[in-house]
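Text of coords24.cif (mmCIF, C-alpha atoms) as supplied:
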```cif
data_start
#
loop_
_atom_site.label_atom_id
_atom_site.label_comp_id
_atom_site.auth_asym_id
_atom_site.auth_seq_id
_atom_site.Cartn_x
_atom_site.Cartn_y
_atom_site.Cartn_z
CA MET A 1 21.27 -8.19 -14.63
CA LEU A 2 17.91 -6.58 -13.83
CA ALA A 3 18.08 -3.11 -12.29
CA ASN A 4 14.95 -3.48 -10.15
CA PRO A 5 13.78 -7.09 -10.26
CA LYS A 6 10.26 -7.94 -9.24
CA VAL A 7 10.71 -10.42 -6.39
CA ALA A 8 7.94 -12.58 -4.95
CA ALA A 9 8.09 -14.58 -1.75
CA LEU A 10 6.38 -17.98 -1.72
CA ILE A 11 5.68 -19.15 1.84
CA VAL A 12 4.95 -22.87 2.11
CA ALA A 13 2.56 -23.45 5.03
CA ALA A 14 0.24 -26.30 4.06
CA GLY A 15 1.71 -28.94 6.39
CA ARG A 16 -0.06 -30.40 9.39
CA GLY A 17 2.91 -30.24 11.80
CA SER A 18 2.05 -33.43 13.69
CA ARG A 19 5.52 -33.71 15.27
CA ALA A 20 4.83 -30.55 17.28
CA GLY A 21 2.33 -32.51 19.38
CA PRO A 22 -1.43 -32.10 19.82
CA GLY A 23 -3.03 -28.80 18.94
CA ALA A 24 -3.04 -26.47 15.97
CA PRO A 25 -0.57 -27.01 13.11
CA LYS A 26 2.84 -25.68 14.16
CA GLN A 27 2.69 -22.67 11.83
CA TYR A 28 -0.33 -21.38 13.77
CA ARG A 29 1.05 -21.97 17.27
CA GLN A 30 1.81 -18.92 19.38
CA LEU A 31 5.41 -17.72 19.45
CA ALA A 32 6.04 -14.87 21.91
CA GLY A 33 2.52 -13.54 21.42
CA GLU A 34 2.10 -14.05 17.68
CA PRO A 35 1.38 -17.04 15.43
CA VAL A 36 4.53 -18.56 13.95
CA LEU A 37 3.24 -17.95 10.42
CA ARG A 38 2.53 -14.27 11.09
CA ARG A 39 6.18 -13.74 12.04
CA THR A 40 7.27 -15.52 8.85
CA LEU A 41 4.92 -13.54 6.61
CA ALA A 42 5.88 -10.27 8.29
CA ALA A 43 9.60 -10.89 7.70
CA PHE A 44 9.02 -10.91 3.93
CA ALA A 45 6.14 -8.43 3.78
CA SER A 46 8.26 -5.81 5.58
CA HIS A 47 11.34 -6.33 3.39
CA PRO A 48 11.81 -3.54 0.81
CA GLY A 49 13.14 -5.98 -1.80
CA ILE A 50 9.98 -8.11 -1.80
CA SER A 51 7.11 -6.97 -4.01
CA SER A 52 4.50 -9.61 -3.13
CA VAL A 53 3.98 -12.50 -0.70
CA LEU A 54 1.96 -15.62 -1.45
CA ALA A 55 1.26 -18.29 1.16
CA VAL A 56 0.37 -21.86 0.25
CA ILE A 57 -1.96 -23.21 2.94
CA HIS A 58 -4.16 -26.17 3.78
CA GLU A 59 -7.82 -25.52 3.00
CA ASP A 60 -8.78 -26.42 6.58
CA ASP A 61 -6.58 -23.59 7.88
CA ARG A 62 -8.12 -20.70 5.98
CA ASP A 63 -9.65 -19.04 9.06
CA ALA A 64 -6.45 -19.49 11.05
CA TYR A 65 -4.48 -18.01 8.15
CA GLU A 66 -6.74 -14.96 7.92
CA ASP A 67 -6.24 -14.30 11.63
CA ALA A 68 -2.46 -14.76 11.34
CA ALA A 69 -2.13 -12.55 8.26
CA ALA A 70 -4.51 -9.75 9.25
CA GLY A 71 -3.20 -6.28 8.43
CA LEU A 72 0.07 -7.32 6.78
CA PRO A 73 0.98 -5.62 3.48
CA LYS A 74 1.86 -7.16 0.10
CA LEU A 75 -0.10 -10.39 0.72
CA MET A 76 -1.82 -12.14 -2.15
CA THR A 77 -4.86 -14.37 -1.75
CA PRO A 78 -3.51 -17.66 -0.33
CA CYS A 79 -3.21 -20.67 -2.57
CA PRO A 80 -4.35 -24.20 -1.55
CA GLY A 81 -1.50 -26.68 -1.19
CA GLY A 82 -1.02 -30.19 -2.45
CA ALA A 83 -0.45 -33.60 -0.89
CA THR A 84 3.31 -33.05 -0.60
CA ARG A 85 5.57 -30.06 -0.09
CA GLN A 86 6.76 -30.37 -3.67
CA ALA A 87 3.17 -30.31 -4.94
CA SER A 88 2.44 -27.29 -2.74
CA VAL A 89 5.41 -25.36 -4.10
CA LYS A 90 4.36 -26.12 -7.68
CA ALA A 91 0.82 -24.96 -6.91
CA GLY A 92 2.21 -21.73 -5.49
CA LEU A 93 4.49 -21.14 -8.46
CA GLU A 94 1.60 -21.67 -10.86
CA ALA A 95 -0.48 -19.17 -8.87
CA LEU A 96 2.35 -16.62 -9.08
CA ALA A 97 2.78 -17.08 -12.82
CA GLY A 98 0.01 -14.61 -13.58
CA THR A 99 1.91 -11.84 -11.78
CA ALA A 100 5.11 -12.56 -13.73
CA PRO A 101 7.76 -11.99 -11.05
CA ASP A 102 11.40 -11.99 -12.13
CA HIS A 103 12.60 -13.86 -9.05
CA VAL A 104 11.04 -15.93 -6.29
CA LEU A 105 12.17 -16.78 -2.76
CA ILE A 106 10.68 -20.04 -1.51
CA HIS A 107 10.55 -20.25 2.27
CA ASP A 108 9.17 -22.58 4.95
CA GLY A 109 6.24 -21.08 6.85
CA ALA A 110 7.66 -22.65 10.00
CA ARG A 111 10.93 -20.66 9.82
CA PRO A 112 9.75 -17.46 11.53
CA LEU A 113 13.16 -16.03 12.53
CA VAL A 114 14.61 -15.45 9.07
CA PRO A 115 16.63 -12.22 9.25
CA ALA A 116 16.18 -9.41 6.75
CA SER A 117 19.88 -9.60 5.91
CA LEU A 118 19.52 -13.19 4.70
CA ILE A 119 16.59 -12.24 2.46
CA THR A 120 18.72 -9.43 1.06
CA ASP A 121 21.69 -11.75 0.43
CA CYS A 122 19.53 -14.29 -1.41
CA ILE A 123 18.03 -11.61 -3.65
CA ALA A 124 21.48 -10.13 -4.37
CA THR A 125 22.91 -13.53 -5.30
CA LEU A 126 20.35 -13.89 -8.09
CA ALA A 127 22.05 -11.04 -9.93
CA ASP A 128 24.84 -13.46 -10.91
CA HIS A 129 23.29 -16.90 -10.42
CA ALA A 130 20.07 -18.66 -11.40
CA GLY A 131 19.56 -19.99 -7.87
CA ALA A 132 20.63 -19.36 -4.29
CA LEU A 133 20.53 -21.62 -1.24
CA ALA A 134 20.76 -20.37 2.33
CA ALA A 135 22.87 -22.93 4.19
CA ILE A 136 25.36 -23.36 7.02
CA ALA A 137 28.63 -25.29 6.72
CA LEU A 138 28.91 -28.25 9.07
CA THR A 139 31.50 -27.82 11.80
CA ASP A 140 30.67 -30.73 14.12
CA THR A 141 32.17 -34.18 13.66
CA ILE A 142 29.77 -36.31 11.62
CA ARG A 143 29.57 -39.97 12.47
CA ARG A 144 27.43 -42.86 11.24
CA ALA A 145 25.62 -45.02 13.76
CA THR A 146 25.84 -48.80 13.52
CA GLY A 147 22.76 -50.95 13.25
CA LYS A 148 22.83 -51.34 17.04
CA GLY A 149 22.80 -47.60 17.64
CA ARG A 150 26.48 -47.40 18.45
CA ALA A 151 29.08 -45.00 17.11
CA GLY A 152 30.38 -46.03 13.72
CA GLU A 153 32.69 -44.52 11.14
CA THR A 154 33.44 -40.80 10.89
CA VAL A 155 32.03 -39.09 7.81
CA ASP A 156 34.15 -36.47 6.05
CA ARG A 157 32.33 -33.19 6.69
CA SER A 158 34.29 -31.12 4.18
CA GLY A 159 31.88 -29.68 1.65
CA LEU A 160 28.80 -30.59 3.72
CA TRP A 161 26.23 -27.90 4.47
CA ARG A 162 22.90 -27.77 6.32
CA ALA A 163 20.26 -26.46 3.94
CA GLN A 164 17.82 -23.79 5.07
CA THR A 165 15.32 -21.56 3.36
CA PRO A 166 14.90 -19.14 1.62
CA GLN A 167 15.85 -20.92 -1.58
CA ALA A 168 15.84 -18.29 -4.33
CA PHE A 169 15.53 -18.66 -8.09
CA HIS A 170 14.87 -16.94 -11.35
CA PHE A 171 11.13 -17.46 -11.49
CA SER A 172 10.66 -18.83 -14.99
CA ALA A 173 13.47 -21.36 -14.51
CA ILE A 174 12.19 -22.84 -11.24
CA LEU A 175 8.60 -22.92 -12.50
CA GLU A 176 9.68 -24.92 -15.55
CA ALA A 177 11.82 -27.18 -13.36
CA HIS A 178 8.86 -27.96 -11.09
CA ARG A 179 6.64 -28.67 -14.08
CA HIS A 180 9.14 -31.25 -15.31
CA ALA A 181 9.56 -32.68 -11.79
CA SER A 182 5.89 -33.63 -11.37
CA GLY A 183 5.55 -37.23 -10.28
CA LYS A 184 9.10 -37.37 -8.91
CA ASP A 185 10.14 -37.04 -5.26
CA TYR A 186 12.75 -34.41 -4.38
CA THR A 187 13.79 -33.30 -0.91
CA ASP A 188 13.67 -29.55 -1.58
CA ASP A 189 13.54 -26.96 -4.33
CA VAL A 190 17.29 -26.94 -4.84
CA ALA A 191 17.07 -30.65 -5.66
CA VAL A 192 14.38 -29.84 -8.22
CA ALA A 193 16.56 -27.07 -9.64
CA CYS A 194 19.71 -29.16 -9.83
CA ALA A 195 17.83 -31.95 -11.61
CA ALA A 196 16.89 -29.36 -14.24
CA GLY A 197 20.49 -28.18 -14.60
CA ILE A 198 20.02 -24.89 -12.73
CA GLU A 199 23.17 -23.64 -11.05
CA VAL A 200 22.58 -22.84 -7.38
CA ALA A 201 25.01 -20.72 -5.36
CA MET A 202 25.50 -21.12 -1.61
CA VAL A 203 24.58 -18.20 0.64
CA LYS A 204 25.66 -18.19 4.27
CA GLY A 205 22.61 -18.93 6.39
CA ASP A 206 21.83 -17.95 9.97
CA GLU A 207 21.94 -20.17 13.06
CA ASP A 208 18.80 -18.53 14.42
CA ASN A 209 16.86 -19.32 11.23
CA ILE A 210 15.54 -22.53 12.74
CA LYS A 211 12.62 -24.56 11.47
CA ILE A 212 9.84 -25.20 13.99
CA THR A 213 9.24 -28.93 14.01
CA SER A 214 8.71 -29.92 17.65
CA ALA A 215 7.37 -28.31 20.82
CA GLU A 216 10.98 -27.91 21.96
CA ASP A 217 11.72 -25.91 18.79
CA LEU A 218 9.00 -23.47 19.80
CA LYS A 219 10.65 -22.98 23.17
CA ARG A 220 14.03 -22.49 21.51
CA ALA A 221 12.60 -19.93 19.09
CA GLU A 222 11.05 -18.04 21.98
CA ARG A 223 14.40 -17.98 23.79
CA ILE A 224 16.02 -16.58 20.63
CA LEU A 225 13.37 -13.86 20.37
CA MET A 226 13.82 -12.88 24.00
CA ARG A 227 17.59 -12.61 24.00
CA GLY A 228 19.92 -9.84 23.10
CA GLY A 229 17.36 -7.19 22.23
CA ASP A 230 16.57 -3.88 23.87
CA THR A 231 14.75 -4.66 27.12
CA ARG A 232 12.35 -2.12 28.59
CA THR A 233 10.18 -2.19 31.69
CA GLY A 234 6.93 -0.33 32.37
CA THR A 235 4.86 0.04 35.50
CA GLY A 236 1.17 0.61 36.03
CA PHE A 237 -1.00 1.60 38.98
CA ASP A 238 -4.77 1.82 39.23
CA VAL A 239 -7.40 2.38 41.93
CA HIS A 240 -11.17 1.94 41.97
CA ARG A 241 -13.53 2.52 44.89
CA PHE A 242 -16.30 0.21 45.96
CA GLY A 243 -19.92 1.01 45.14
CA PRO A 244 -23.24 -0.79 44.79
CA GLY A 245 -23.13 -4.28 43.29
CA ASP A 246 -22.68 -7.97 43.99
CA HIS A 247 -19.39 -8.66 42.15
CA VAL A 248 -16.18 -7.11 40.93
CA TRP A 249 -14.22 -7.67 37.73
CA LEU A 250 -10.54 -8.36 38.40
CA CYS A 251 -8.11 -9.52 35.72
CA GLY A 252 -11.02 -10.39 33.48
CA VAL A 253 -12.57 -12.69 36.10
CA LYS A 254 -15.97 -12.08 37.72
CA VAL A 255 -15.45 -12.32 41.49
CA PRO A 256 -18.52 -12.41 43.79
CA HIS A 257 -18.46 -9.65 46.42
CA GLU A 258 -20.81 -7.60 48.55
CA PHE A 259 -19.90 -4.49 46.55
CA GLY A 260 -19.05 -3.59 42.98
CA LEU A 261 -16.27 -1.33 41.69
CA VAL A 262 -17.04 2.13 40.37
CA GLY A 263 -15.55 3.21 37.05
CA HIS A 264 -16.40 4.36 33.53
CA SER A 265 -15.59 0.93 32.07
CA ASP A 266 -15.91 -2.31 34.03
CA ALA A 267 -13.45 -0.85 36.61
CA ASP A 268 -11.08 -3.82 36.34
CA ALA A 269 -8.15 -2.39 38.31
CA GLY A 270 -5.96 -5.41 37.54
CA LEU A 271 -6.23 -5.20 33.75
CA HIS A 272 -5.97 -1.41 33.87
CA ALA A 273 -2.66 -1.61 35.75
CA VAL A 274 -1.23 -4.19 33.34
CA THR A 275 -2.38 -2.11 30.36
CA ASP A 276 -0.61 0.97 31.71
CA ALA A 277 2.55 -1.07 32.39
CA ILE A 278 2.73 -2.18 28.75
CA LEU A 279 1.94 1.30 27.45
CA GLY A 280 4.65 2.67 29.71
CA ALA A 281 7.24 0.24 28.38
CA ILE A 282 6.65 1.44 24.81
CA GLY A 283 6.32 5.11 25.72
CA ALA A 284 2.69 5.27 24.59
CA GLY A 285 1.14 7.25 27.45
CA ASP A 286 -1.57 5.78 29.62
CA ILE A 287 -4.92 4.09 29.30
CA GLY A 288 -6.85 7.38 29.57
CA GLN A 289 -5.17 8.75 26.45
CA HIS A 290 -6.27 5.78 24.37
CA PHE A 291 -9.69 5.25 25.96
CA PRO A 292 -10.84 8.59 27.46
CA PRO A 293 -13.35 8.19 30.30
CA SER A 294 -15.19 11.19 28.82
CA ASP A 295 -16.06 9.12 25.73
CA PRO A 296 -19.42 7.33 26.21
CA LYS A 297 -18.20 4.66 23.79
CA TRP A 298 -16.22 3.07 26.61
CA LYS A 299 -18.92 3.20 29.29
CA GLY A 300 -19.16 -0.28 30.80
CA ALA A 301 -16.59 -1.63 28.32
CA SER A 302 -14.76 -4.86 29.10
CA SER A 303 -11.17 -4.04 29.99
CA ASP A 304 -9.73 -6.90 27.94
CA ILE A 305 -10.22 -4.53 24.98
CA PHE A 306 -7.76 -2.07 26.55
CA LEU A 307 -5.15 -4.72 27.33
CA ALA A 308 -5.36 -6.29 23.87
CA HIS A 309 -4.91 -2.82 22.34
CA ALA A 310 -1.76 -2.17 24.37
CA ALA A 311 -0.35 -5.57 23.38
CA GLU A 312 -1.00 -4.87 19.69
CA LEU A 313 0.75 -1.49 19.93
CA ALA A 314 3.74 -3.25 21.48
CA ARG A 315 3.85 -5.82 18.69
CA LYS A 316 3.72 -3.08 16.06
CA GLN A 317 6.83 -1.58 17.67
CA GLY A 318 8.61 -4.93 17.36
CA ALA A 319 8.31 -5.79 21.04
CA ALA A 320 7.59 -9.17 22.60
CA ILE A 321 6.11 -9.23 26.09
CA SER A 322 8.50 -11.22 28.24
CA ASN A 323 6.52 -11.27 31.48
CA VAL A 324 3.87 -9.49 33.53
CA ASP A 325 3.81 -9.22 37.34
CA LEU A 326 0.64 -7.90 38.99
CA THR A 327 -0.15 -7.25 42.65
CA LEU A 328 -3.74 -6.65 43.79
CA ILE A 329 -4.05 -4.67 47.04
CA CYS A 330 -7.22 -5.14 49.08
CA GLU A 331 -8.62 -6.54 52.32
CA ARG A 332 -11.43 -8.25 50.46
CA PRO A 333 -12.60 -10.03 48.39
CA LYS A 334 -10.23 -12.95 48.82
CA ILE A 335 -8.02 -13.14 45.73
CA GLY A 336 -6.27 -16.48 46.33
CA PRO A 337 -9.08 -18.75 45.06
CA HIS A 338 -9.15 -16.84 41.76
CA VAL A 339 -5.44 -16.40 41.04
CA SER A 340 -5.18 -19.32 38.60
CA SER A 341 -8.17 -18.09 36.57
CA MET A 342 -6.79 -14.55 36.56
CA ARG A 343 -3.39 -15.67 35.31
CA GLN A 344 -5.03 -17.77 32.63
CA ARG A 345 -7.20 -14.87 31.49
CA ILE A 346 -4.31 -12.39 31.24
CA ALA A 347 -2.16 -14.99 29.48
CA GLY A 348 -4.95 -15.57 26.97
CA ILE A 349 -5.37 -11.87 26.18
CA LEU A 350 -1.62 -11.38 25.75
CA ALA A 351 -1.03 -14.75 24.01
CA LEU A 352 1.56 -15.69 26.63
CA ASP A 353 2.42 -18.87 28.44
CA MET A 354 0.92 -18.77 31.94
CA ALA A 355 4.42 -19.14 33.37
CA ARG A 356 5.08 -15.58 32.16
CA VAL A 357 2.14 -14.12 34.09
CA SER A 358 2.17 -13.56 37.85
CA VAL A 359 -0.84 -12.45 39.90
CA LYS A 360 -0.62 -12.08 43.65
CA ALA A 361 -2.43 -10.20 46.38
CA THR A 362 -1.58 -8.38 49.56
CA THR A 363 -3.32 -6.28 52.20
CA THR A 364 -2.25 -3.04 53.88
CA GLU A 365 -2.85 -4.44 57.37
CA GLY A 366 -5.92 -2.29 57.87
CA LEU A 367 -4.16 0.93 56.88
CA GLY A 368 -5.29 3.43 54.26
CA PHE A 369 -8.32 3.33 51.98
CA THR A 370 -7.77 -0.30 51.03
CA GLY A 371 -7.37 -1.22 54.69
CA ARG A 372 -10.68 0.47 55.47
CA GLY A 373 -12.33 -1.57 52.72
CA GLU A 374 -13.11 1.45 50.55
CA GLY A 375 -11.68 0.11 47.32
CA ILE A 376 -9.03 -1.91 45.47
CA ALA A 377 -5.61 -0.88 44.18
CA ALA A 378 -3.40 -2.69 41.66
CA GLN A 379 0.19 -2.25 40.62
CA ALA A 380 1.83 -4.00 37.68
CA LEU A 381 5.18 -4.40 36.00
CA ALA A 382 5.68 -5.51 32.40
CA THR A 383 8.97 -6.39 30.71
CA LEU A 384 9.22 -6.15 26.92
CA VAL A 385 12.01 -7.22 24.60
CA PHE A 386 12.57 -5.34 21.34
CA ARG A 387 14.35 -6.88 18.36
#
```

Could you render the structure as structure tokens?
Amino acid sequence: MLANPKVAALIVAAGRGSRAGPGAPKQYRQLAGEPVLRRTLAAFASHPGISSVLAVIHEDDRDAYEDAAAGLPKLMTPCPGGATRQASVKAGLEALAGTAPDHVLIHDGARPLVPASLITDCIATLADHAGALAAIALTDTIRRATGKGRAGETVDRSGLWRAQTPQAFHFSAILEAHRHASGKDYTDDVAVACAAGIEVAMVKGDEDNIKITSAEDLKRAERILMRGGDTRTGTGFDVHRFGPGDHVWLCGVKVPHEFGLVGHSDADAGLHAVTDAILGAIGAGDIGQHFPPSDPKWKGASSDIFLAHAAELARKQGAAISNVDLTLICERPKIGPHVSSMRQRIAGILALDMARVSVKATTTEGLGFTGRGEGIAAQALATLVFR
């Protein structure tokens, strides 16, 4: 038994993910504001028992990978994958060989919800076994279908398990097993290990540790992320007066108007209110503390910078933005024709589905400074879920 084993994580992310529908490969799709692969990498990079993380990627995805992995610790230079998953794993193991880890955890890049406790259990199991498989015992009745798609015989489910990842091994043993398996077709790394005579122990998996395969899986993963955590709400309010100009910026959209809005930045009251709502939900002060109007650096700055900053601070605190609700208060300009573009712009900055962003407008029936046409006010609410 090794007192402090050197444990590497090998994240397999070279697939094309065609079953997830048109668009980017599934591992680079957005999941509650972050790429799927970033959540997977972060789960291992943040675990104290993992010393290094290597991703195996498709060469065409290098730019997408760099964006997804930016700022995460313990990451090695990614390794190009092969034509099959098995070939990709072998390529990754060969790339790790130079670092000589004692153990390796092999994990699907499209399983972003792996809990830290499961990683810990897999590592611990290697103290007494040469391999470990995260899996869940079948509890449903298993039945074969007939050739006509009708219910057939019942299959005995005793001893049947659903395999997940991580699949953990003593490094030298699984590397040698993969070298001998070249040219053969195995379903996963445990199959490769068993063919080489490596004993693999079962570790209780996690129902939430799902693999993203389809678009529906993405929705399910998002529902899992949004449930059961600490939910916090923040509010934001902002006002800007009218001044000279021929347009205003609202929610990142240029709206023609007989006046402009006066402010140190672009005076986008909508984005400012949403920014303050997110900052409020995480207890991080207000927009002026992060971007002081006294600093000439922010003179005329586009307010999407402020909103993106607030969203990144929230992510660093482990929060996912559940929804944003914004109300613009003015007599003019007319907001209705621009609502769809505004929602789309906010959703893009926050990496949210548009269904999670609401923008609406109201007047004050001629009352107050907005009623007199002296300026625009905005109030926002943001709900964040912490895991």

Residues within 10 Å of A:Ile349, all atoms listed in the file, excluding chain neighbours under 4 positions, as a list in words: Gly33, Gly252, Asp304, Ile305, Leu307, Ala308, His309, Ala311, Gln344 and Arg345 of chain A

Edge lengths and centre in Å to one decimal, as AutoDock Vina command-line options, is what I'm after for the box along x, y and z that holds all listed atoms of stretch 336-342 of chain A once 6 Å is added on each side.
```
--center_x -7.2 --center_y -16.9 --center_z 41.4 --size_x 16.0 --size_y 16.8 --size_z 21.8
```

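Remark: for A:Thr99, the closest of the candidate residues A:Arg111, A:His180, A:Val56, A:Ser172 is A:Ser172 (distances computed over all atoms listed in the file).
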
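Residues with any atom within 10 Å of A:Leu2, counting all atoms listed in the file and excluding same-chain neighbours fewer than 6 positions away, are Asp102, Leu126 and Ala127 of chain A.
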
Take the PyMOL selection byres ((chain A and resi 333) around 9), apply it to the structure above, and return the hits as JSON, numbers by chain. {"A": [248, 255, 256, 257, 258, 330, 331, 332, 334, 335]}

Using C-alpha atoms, can you export the residues from the last selection as a compact mmCIF listing (two decimals), keeping the file's coordinate frame?
```txt
# COMPACT_ATOMS: atom_id res chain seq x y z
CA VAL A 248 -16.18 -7.11 40.93
CA VAL A 255 -15.45 -12.32 41.49
CA PRO A 256 -18.52 -12.41 43.79
CA HIS A 257 -18.46 -9.65 46.42
CA GLU A 258 -20.81 -7.60 48.55
CA CYS A 330 -7.22 -5.14 49.08
CA GLU A 331 -8.62 -6.54 52.32
CA ARG A 332 -11.43 -8.25 50.46
CA LYS A 334 -10.23 -12.95 48.82
CA ILE A 335 -8.02 -13.14 45.73
```

How far is it from atom CA of A:Leu160 to atom CA of A:Thr84, in Å with one decimal? 26.0 Å

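Between atom CA of A:Asp188 and atom CA of A:Pro78 the separation is 20.9 Å.
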
In Å to one decimal, how far is atom CA of A:Ala3 from atom CA of A:Val200? 20.8 Å

What's the 7 Å shell around A:Arg343, counting all atoms listed in the file, without same-chain residues fewer than 3 positions away, as a short mmCIF file (atom, residue, chain, number, x, y, z; two decimals) with C-alpha atoms, in the coordinates of the input?
```
data_model
loop_
_atom_site.label_atom_id
_atom_site.label_comp_id
_atom_site.auth_asym_id
_atom_site.auth_seq_id
_atom_site.Cartn_x
_atom_site.Cartn_y
_atom_site.Cartn_z
CA VAL A 339 -5.44 -16.40 41.04
CA SER A 340 -5.18 -19.32 38.60
CA ILE A 346 -4.31 -12.39 31.24
CA ALA A 347 -2.16 -14.99 29.48
CA MET A 354 0.92 -18.77 31.94
CA VAL A 357 2.14 -14.12 34.09
CA SER A 358 2.17 -13.56 37.85
CA VAL A 359 -0.84 -12.45 39.90
#
```

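When all atoms listed in the file are used to measure the gap to A:Ala124, the shortest distance among A:Ala319, A:Ala70, A:Ala145, A:Ile50 belongs to A:Ile50.
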
Quick one: of A:Ala195, A:Met202, A:Ile376, A:Met226, who's nearest to A:Thr363, counting all atoms listed in the file? A:Ile376

Point out the residue among A:Phe386, A:Gly149, A:Ser88, A:Lys316 with the least atom-to-atom distance to A:Leu72, counting all atoms listed in the file. A:Lys316

Quick one: residues within 10 Å of A:Ala196, only C-alpha atoms counted, chain neighbours fewer than 4 positions away excluded, as a PyMOL selection string? chain A and resi 173-174+176-178+180-181+190-192

Starting from the incomplete input, reconstruct N, CA and C atoms of stretch 82-100 of chain A and write that as an mmCIF file, in the frame of the given file.
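Listed below is the output, rebuild_7.cif:
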```
data_model
loop_
_atom_site.group_PDB
_atom_site.id
_atom_site.type_symbol
_atom_site.label_atom_id
_atom_site.label_comp_id
_atom_site.auth_asym_id
_atom_site.auth_seq_id
_atom_site.Cartn_x
_atom_site.Cartn_y
_atom_site.Cartn_z
ATOM 1 N N GLY A 82 -0.832 -28.842 -1.941
ATOM 2 C CA GLY A 82 -1.020 -30.190 -2.450
ATOM 3 C C GLY A 82 -0.743 -31.248 -1.394
ATOM 4 N N ALA A 83 -0.646 -32.495 -1.825
ATOM 5 C CA ALA A 83 -0.450 -33.600 -0.890
ATOM 6 C C ALA A 83 0.960 -33.655 -0.340
ATOM 7 N N THR A 84 1.921 -33.071 -1.044
ATOM 8 C CA THR A 84 3.310 -33.050 -0.600
ATOM 9 C C THR A 84 3.830 -31.615 -0.657
ATOM 10 N N ARG A 85 4.988 -31.389 -0.025
ATOM 11 C CA ARG A 85 5.570 -30.060 -0.090
ATOM 12 C C ARG A 85 5.877 -29.687 -1.531
ATOM 13 N N GLN A 86 6.414 -30.635 -2.287
ATOM 14 C CA GLN A 86 6.760 -30.370 -3.670
ATOM 15 C C GLN A 86 5.527 -29.953 -4.474
ATOM 16 N N ALA A 87 4.414 -30.654 -4.246
ATOM 17 C CA ALA A 87 3.170 -30.310 -4.940
ATOM 18 C C ALA A 87 2.670 -28.930 -4.506
ATOM 19 N N SER A 88 2.864 -28.600 -3.228
ATOM 20 C CA SER A 88 2.440 -27.290 -2.740
ATOM 21 C C SER A 88 3.253 -26.173 -3.367
ATOM 22 N N VAL A 89 4.563 -26.380 -3.478
ATOM 23 C CA VAL A 89 5.410 -25.360 -4.100
ATOM 24 C C VAL A 89 4.997 -25.152 -5.553
ATOM 25 N N LYS A 90 4.773 -26.245 -6.264
ATOM 26 C CA LYS A 90 4.360 -26.120 -7.680
ATOM 27 C C LYS A 90 3.042 -25.361 -7.781
ATOM 28 N N ALA A 91 2.107 -25.669 -6.887
ATOM 29 C CA ALA A 91 0.820 -24.960 -6.910
ATOM 30 C C ALA A 91 1.029 -23.463 -6.687
ATOM 31 N N GLY A 92 1.927 -23.127 -5.760
ATOM 32 C CA GLY A 92 2.210 -21.730 -5.490
ATOM 33 C C GLY A 92 2.877 -21.031 -6.669
ATOM 34 N N LEU A 93 3.817 -21.724 -7.299
ATOM 35 C CA LEU A 93 4.490 -21.140 -8.460
ATOM 36 C C LEU A 93 3.502 -20.900 -9.606
ATOM 37 N N GLU A 94 2.606 -21.846 -9.805
ATOM 38 C CA GLU A 94 1.600 -21.670 -10.860
ATOM 39 C C GLU A 94 0.699 -20.477 -10.549
ATOM 40 N N ALA A 95 0.371 -20.305 -9.256
ATOM 41 C CA ALA A 95 -0.480 -19.170 -8.870
ATOM 42 C C ALA A 95 0.242 -17.841 -9.062
ATOM 43 N N LEU A 96 1.559 -17.840 -8.893
ATOM 44 C CA LEU A 96 2.350 -16.620 -9.080
ATOM 45 C C LEU A 96 2.581 -16.287 -10.551
ATOM 46 N N ALA A 97 2.434 -17.273 -11.407
ATOM 47 C CA ALA A 97 2.780 -17.080 -12.820
ATOM 48 C C ALA A 97 2.030 -15.908 -13.440
ATOM 49 N N GLY A 98 0.803 -15.702 -13.013
ATOM 50 C CA GLY A 98 0.010 -14.610 -13.580
ATOM 51 C C GLY A 98 0.550 -13.233 -13.244
ATOM 52 N N THR A 99 1.350 -13.142 -12.173
ATOM 53 C CA THR A 99 1.910 -11.840 -11.780
ATOM 54 C C THR A 99 3.284 -11.613 -12.390
ATOM 55 N N ALA A 100 3.837 -12.637 -13.014
ATOM 56 C CA ALA A 100 5.110 -12.560 -13.730
ATOM 57 C C ALA A 100 6.258 -11.942 -12.932
#
```
